[in-house]
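Please read the structure below before turning to the comments.
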Amino acid sequence: MTQTLKTKVLIIGAGTGGYVAGIRCGQLGLDTVLVDGGDGLGGTCLNVGCIPSKAIIHAAGKFETVAKAADGGTLGITAATPAIDLKQTVEWKDGIVRKLNAGVAALLKKAKVKVIKGWAKFEDAKTCIVKTDDGDLKVTAEHVILATGSEPVELPFLPFGGDVISSTEALSLSEVPKKLVVVGGGYIGLELGIAFRKLGAQVAIVEMADRILPLYDKALTDPVAKWLEKHGVELHLGARAGGFGDGKLNVTTKDGEPLQLDADKVLVTVGRKPRTSGWGLENMGVAMSGPFVKIDQRCATSMRNVWAVGDLTGEPMLAHKGSAQGEVVAEIIAGHDRVFDPVTIAAVCFTEPEIVSAGVGPQDVAGRDDVIQAVFPFAAIGRALAIEAGEDGGFVRVIANKGDHRILGIQAVGQHVSELSNSFAQMLEMGAVLEDVAGTIHVHPTLGEAFHEASLRALGHAIHI
């Protein structure tokens, strides 16, 4: 006999949108059930995405540093030729994931959220059947928050399996592939491709567009392209991947010529799609916007008291967007007057070097004469030079209204610039003008001084250039 459970709030999906919504609901005293049927508490980001990928990237960076010390030395430091046991690295990465899983579980327990492990399928907008190890459970709720996340896009001629892998499998390989071909030159493919190149793999990247990271302007991506060239990464731009067999990936070049690339593994990273199938979305009566669930500024769907957050709702498909939406929805259900209307959602590529973009970019203001743009290079920042972060073409750029100096966008490329992203977002969210940044005494020596100097330069009086 199927058990029945009634609750105020039912959340489907335990990723960064779902579990944050659950914690906030609990804090607000709402009876809440969270169904976790995917990757585990923390979802894609914590288990097979953001966190584990950055752990592997960090390990790859350490390996590269030792390799440089072994190859004639660096900064007066010499070392023996390094070796890596990727199994141990993956075990270390998995330990971080387990620790964070336990932390999320503890926070949900503290907030008195009931977590059910199982796969949910909706019968109607407010009722679902959850298949658990202990049998089926029927859950009905006043409010439903959909937070099912996303999954890698699979190419029909390169189905996942065997030596054709997604980012999920790439983060759990037992050894470094000798030859890795990455299909897709977006941020996921480049982050992992660069990491495996640092670990010693021969890497080739196949990208349909004419350049890597096509969503970012060329000035931001040029330093990454230069790193790839310097480190022997093959770039096949304007090219199309085909089938894979006998250790060879078929490729059609931009000139229409056939090419075969040797590969031990083929990593397909051509994008992600919302997870909309397998859990009864078609039975809920919610409106769609293309492949995504349609929401308004309150994250409300077309069905009363059904809400959606995170990757399910569209671009940008970023963990921090889902978390912010989850908080908003929880507070709306609790009776607060909230909308999700951020000025910006900053994005970071953890490539080599890193890229940050917040607000409008130069492509958004092309041809306009009512804006100011100013760039300041890390080559003129003492801290950057002292940590070997000043010679890769990195910079900070600010874009502002010419009339009132209101900052419209901030971008950066360079080592460690991901740590500047929150400062950029904060300034945009607060409606800062150039004088606000210029008038803030920035700590010396730090990379953040480049933001200060870029703002001064936009005002016509940079100090160190």
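Residues in the structure tokens are numbered from 1 in each chain, the chains being A, B, ... in the order shown, and ligands are numbered from 1 in the order shown.
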_When you look at Val360 (chain A) with a cut-off of 12 Å (counting only C-alpha atoms), what residues show up, excluding the ones that are within fewer than 5 positions of it in the same chain? I need them as JSON, numbers by chain._
{"A": [216, 217, 343, 344, 345, 346, 347, 365, 366, 371, 373, 397, 398, 399, 400, 401, 407, 408, 409, 410, 411, 424, 425, 428]}
*Who sits within 10 Å of Thr65 (chain A), only C-alpha atoms, same chain under 3 positions skipped, as JSON, numbers by chain*: {"A": [59, 60, 61, 62, 68, 69, 70, 71, 73, 74, 77, 79, 82, 198]}
*Report the distance between CA of Asn47 (chain A) and CA of Ala120 (chain A) in Å, rounded to one decimal place.*
19.9 Å
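The nearest approach to Val144 (chain A) among the residues A:Trp307, A:Phe378, A:Phe395, A:Phe451, with only C-alpha atoms taken into account, belongs to A:Trp307.
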*May I ask for the distance between CA of Ile333 (chain A) and CA of Trp119 (chain A), given in Å to one decimal place?*
24.3 Å
*Which neighbours of His236 (chain A) fall inside 8 Å, counting only C-alpha atoms, when residues of the same chain fewer than 3 positions from it are skipped, and could you give them as a count of residues only?*
6
*With a distance cut-off of 10 Å and only C-alpha atoms, select the neighbouring residues of Cys45 (chain A), excluding the residue or stretch itself and same-chain residues fewer than 2 positions from it, and output the selection as a ChimeraX atom specification.*
/A:15-16,39,41-43,47-53,149,318-320
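Separating CA of Arg211 (chain A) from CA of Thr252 (chain A) is a distance of 15.8 Å.
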*Step one, run DSSP on the backbone; step two, keep only residues of region 86-241 of chain A assigned to strand (DSSP E); then write them as JSON, numbers by chain.*
{"A": [114, 115, 116, 117, 119, 120, 121, 122, 123, 124, 127, 128, 129, 130, 131, 132, 135, 136, 137, 138, 139, 140, 141, 142, 143, 144, 145, 146, 150, 151, 152, 164, 165, 179, 180, 181, 182, 183, 202, 203, 204, 205, 206, 207, 234, 235, 236, 237, 240, 241]}
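Contact shell of Lys218 (chain A) at 12 Å (only C-alpha atoms; same-chain neighbours under 4 positions omitted): Asp210, Arg211, Ile212, Leu213, Pro214, Asp222, Pro223, Val224, Ala225, Lys226, Ile355, Gly361, Pro362, Gln363 and Val413 of chain A.
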Expected file contents, prior selection, N, CA and C atoms, as an mmCIF file, in the first residue's frame:
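Everything below was put into again_35.cif:
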data_model
loop_
_atom_site.group_PDB
_atom_site.id
_atom_site.type_symbol
_atom_site.label_atom_id
_atom_site.label_comp_id
_atom_site.auth_asym_id
_atom_site.auth_seq_id
_atom_site.Cartn_x
_atom_site.Cartn_y
_atom_site.Cartn_z
ATOM 1 N N ASP A 210 34.190 29.923 -34.853
ATOM 2 C CA ASP A 210 35.486 30.333 -35.383
ATOM 3 C C ASP A 210 36.507 30.639 -34.298
ATOM 4 N N ARG A 211 36.057 30.607 -33.026
ATOM 5 C CA ARG A 211 36.997 30.820 -31.928
ATOM 6 C C ARG A 211 36.468 30.166 -30.668
ATOM 7 N N ILE A 212 37.338 30.012 -29.703
ATOM 8 C CA ILE A 212 36.945 29.408 -28.439
ATOM 9 C C ILE A 212 36.083 30.374 -27.639
ATOM 10 N N LEU A 213 35.320 29.831 -26.703
ATOM 11 C CA LEU A 213 34.473 30.630 -25.806
ATOM 12 C C LEU A 213 33.713 31.705 -26.579
ATOM 13 N N PRO A 214 32.915 31.309 -27.562
ATOM 14 C CA PRO A 214 32.274 32.282 -28.450
ATOM 15 C C PRO A 214 31.304 33.241 -27.763
ATOM 16 N N ASP A 222 41.475 35.914 -25.963
ATOM 17 C CA ASP A 222 42.808 35.852 -26.570
ATOM 18 C C ASP A 222 43.883 35.318 -25.618
ATOM 19 N N PRO A 223 43.935 35.758 -24.350
ATOM 20 C CA PRO A 223 44.955 35.193 -23.455
ATOM 21 C C PRO A 223 44.806 33.687 -23.252
ATOM 22 N N VAL A 224 43.569 33.182 -23.269
ATOM 23 C CA VAL A 224 43.353 31.738 -23.143
ATOM 24 C C VAL A 224 43.852 31.034 -24.408
ATOM 25 N N ALA A 225 43.547 31.603 -25.565
ATOM 26 C CA ALA A 225 44.004 31.021 -26.826
ATOM 27 C C ALA A 225 45.530 30.981 -26.884
ATOM 28 N N LYS A 226 46.170 32.021 -26.367
ATOM 29 C CA LYS A 226 47.640 32.059 -26.360
ATOM 30 C C LYS A 226 48.199 30.981 -25.443
ATOM 31 N N ILE A 355 38.547 33.942 -16.570
ATOM 32 C CA ILE A 355 37.769 35.034 -17.154
ATOM 33 C C ILE A 355 36.579 35.332 -16.254
ATOM 34 N N GLY A 361 28.867 43.798 -21.951
ATOM 35 C CA GLY A 361 30.193 43.721 -22.525
ATOM 36 C C GLY A 361 30.309 44.653 -23.708
ATOM 37 N N PRO A 362 31.490 44.758 -24.297
ATOM 38 C CA PRO A 362 31.679 45.683 -25.426
ATOM 39 C C PRO A 362 30.785 45.371 -26.614
ATOM 40 N N GLN A 363 30.441 44.076 -26.788
ATOM 41 C CA GLN A 363 29.563 43.716 -27.898
ATOM 42 C C GLN A 363 28.160 44.274 -27.698
ATOM 43 N N VAL A 413 40.299 39.282 -17.332
ATOM 44 C CA VAL A 413 40.934 38.024 -17.674
ATOM 45 C C VAL A 413 42.315 38.034 -17.040
#
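Of the listed residues (A:Thr140, A:Thr276, A:Thr89, A:Ser455), A:Ser455 comes nearest to Val396 (chain A); the distances count only C-alpha atoms.
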Please provide as a tab-separated table (two decimals) with all heavy atoms, in the first residue's frame all residues within 12 Å of Thr2 (chain A), with the sequence filter that same-chain residues fewer than 5 positions apart are discarded (counting only C-alpha atoms).
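Dumped to around.tsv:
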chain	number	residue	atom	x	y	z
A	128	CYS	N	2.85	13.91	-6.41
A	128	CYS	CA	3.81	13.04	-7.09
A	128	CYS	C	3.96	11.73	-6.33
A	128	CYS	O	3.67	11.65	-5.13
A	128	CYS	CB	5.17	13.73	-7.23
A	128	CYS	SG	6.09	13.94	-5.69
A	129	ILE	N	4.43	10.73	-7.04
A	129	ILE	CA	4.78	9.44	-6.46
A	129	ILE	C	6.31	9.35	-6.43
A	129	ILE	O	6.96	9.53	-7.47
A	129	ILE	CB	4.21	8.26	-7.26
A	129	ILE	CG1	2.68	8.36	-7.35
A	129	ILE	CG2	4.63	6.93	-6.64
A	129	ILE	CD1	1.96	8.21	-6.02
A	130	VAL	N	6.85	9.11	-5.26
A	130	VAL	CA	8.30	8.99	-5.12
A	130	VAL	C	8.66	7.52	-4.93
A	130	VAL	O	8.18	6.88	-3.98
A	130	VAL	CB	8.82	9.82	-3.93
A	130	VAL	CG1	10.35	9.72	-3.87
A	130	VAL	CG2	8.39	11.27	-4.04
A	131	LYS	N	9.47	7.01	-5.82
A	131	LYS	CA	9.92	5.62	-5.71
A	131	LYS	C	11.17	5.59	-4.85
A	131	LYS	O	12.21	6.11	-5.23
A	131	LYS	CB	10.19	5.04	-7.10
A	131	LYS	CG	8.94	4.87	-7.94
A	131	LYS	CD	9.21	4.08	-9.20
A	131	LYS	CE	7.91	3.80	-9.95
A	131	LYS	NZ	6.96	2.97	-9.16
A	132	THR	N	11.06	4.98	-3.68
A	132	THR	CA	12.17	4.89	-2.74
A	132	THR	C	12.57	3.43	-2.54
A	132	THR	O	11.87	2.51	-2.99
A	132	THR	CB	11.81	5.52	-1.38
A	132	THR	OG1	10.93	4.63	-0.68
A	132	THR	CG2	11.12	6.86	-1.55
A	134	ASP	N	12.27	1.90	0.07
A	134	ASP	CA	11.29	1.32	0.98
A	134	ASP	C	9.89	1.24	0.36
A	134	ASP	O	8.91	0.96	1.06
A	134	ASP	CB	11.22	2.12	2.28
A	134	ASP	CG	12.54	2.12	3.02
A	134	ASP	OD1	13.20	1.07	3.03
A	134	ASP	OD2	12.92	3.17	3.58
A	135	GLY	N	9.80	1.51	-0.93
A	135	GLY	CA	8.51	1.45	-1.61
A	135	GLY	C	8.05	2.82	-2.07
A	135	GLY	O	8.73	3.84	-1.88
A	136	ASP	N	6.88	2.86	-2.68
A	136	ASP	CA	6.34	4.10	-3.22
A	136	ASP	C	5.77	4.98	-2.11
A	136	ASP	O	5.18	4.48	-1.14
A	136	ASP	CB	5.25	3.82	-4.24
A	136	ASP	CG	5.81	3.21	-5.52
A	136	ASP	OD1	7.05	3.09	-5.62
A	136	ASP	OD2	5.01	2.85	-6.40
A	137	LEU	N	5.94	6.30	-2.29
A	137	LEU	CA	5.42	7.29	-1.34
A	137	LEU	C	4.70	8.36	-2.14
A	137	LEU	O	5.27	8.95	-3.06
A	137	LEU	CB	6.56	7.90	-0.52
A	137	LEU	CG	6.20	9.00	0.47
A	137	LEU	CD1	5.30	8.47	1.58
A	137	LEU	CD2	7.47	9.61	1.06
A	138	LYS	N	3.43	8.61	-1.78
A	138	LYS	CA	2.67	9.65	-2.44
A	138	LYS	C	2.80	10.95	-1.65
A	138	LYS	O	2.55	10.97	-0.44
A	138	LYS	CB	1.19	9.25	-2.54
A	138	LYS	CG	0.33	10.19	-3.35
A	138	LYS	CD	-1.09	9.62	-3.49
A	138	LYS	CE	-1.96	10.47	-4.38
A	138	LYS	NZ	-3.31	9.88	-4.55
A	139	VAL	N	3.23	12.02	-2.32
A	139	VAL	CA	3.42	13.31	-1.65
A	139	VAL	C	2.51	14.35	-2.30
A	139	VAL	O	2.51	14.50	-3.52
A	139	VAL	CB	4.89	13.78	-1.73
A	139	VAL	CG1	5.07	15.07	-0.92
A	139	VAL	CG2	5.84	12.70	-1.23
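For Ile295 (chain A), the list of residues within 7 Å, based on only C-alpha atoms and with local chain neighbours fewer than 4 positions off taken out, reads Cys299, Ala300, Thr301, Ala308 and Thr313 of chain A.
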*Give the alpha helix (DSSP H) residues of region 223-416 of chain A, as DSSP finds them on the backbone, and put them as a PyMOL selection string.*
chain A and resi 223-230+319-333+382-386
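Distance check against Val266 (chain A) using only C-alpha atoms: of A:Ala241, A:Val66, A:Ile56, A:Leu46, the minimum falls on A:Ala241.
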*Name the closest residue to Val417 (chain A) among the candidates A:Pro445, A:Pro353, A:Gly403, A:Gly184; distances are taken between atoms, counting only C-alpha atoms.*
A:Pro353
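Closest approach to Val9 (chain A) among A:Arg275, A:Lys126, A:Lys93, A:His143: A:His143, based on only C-alpha atoms.
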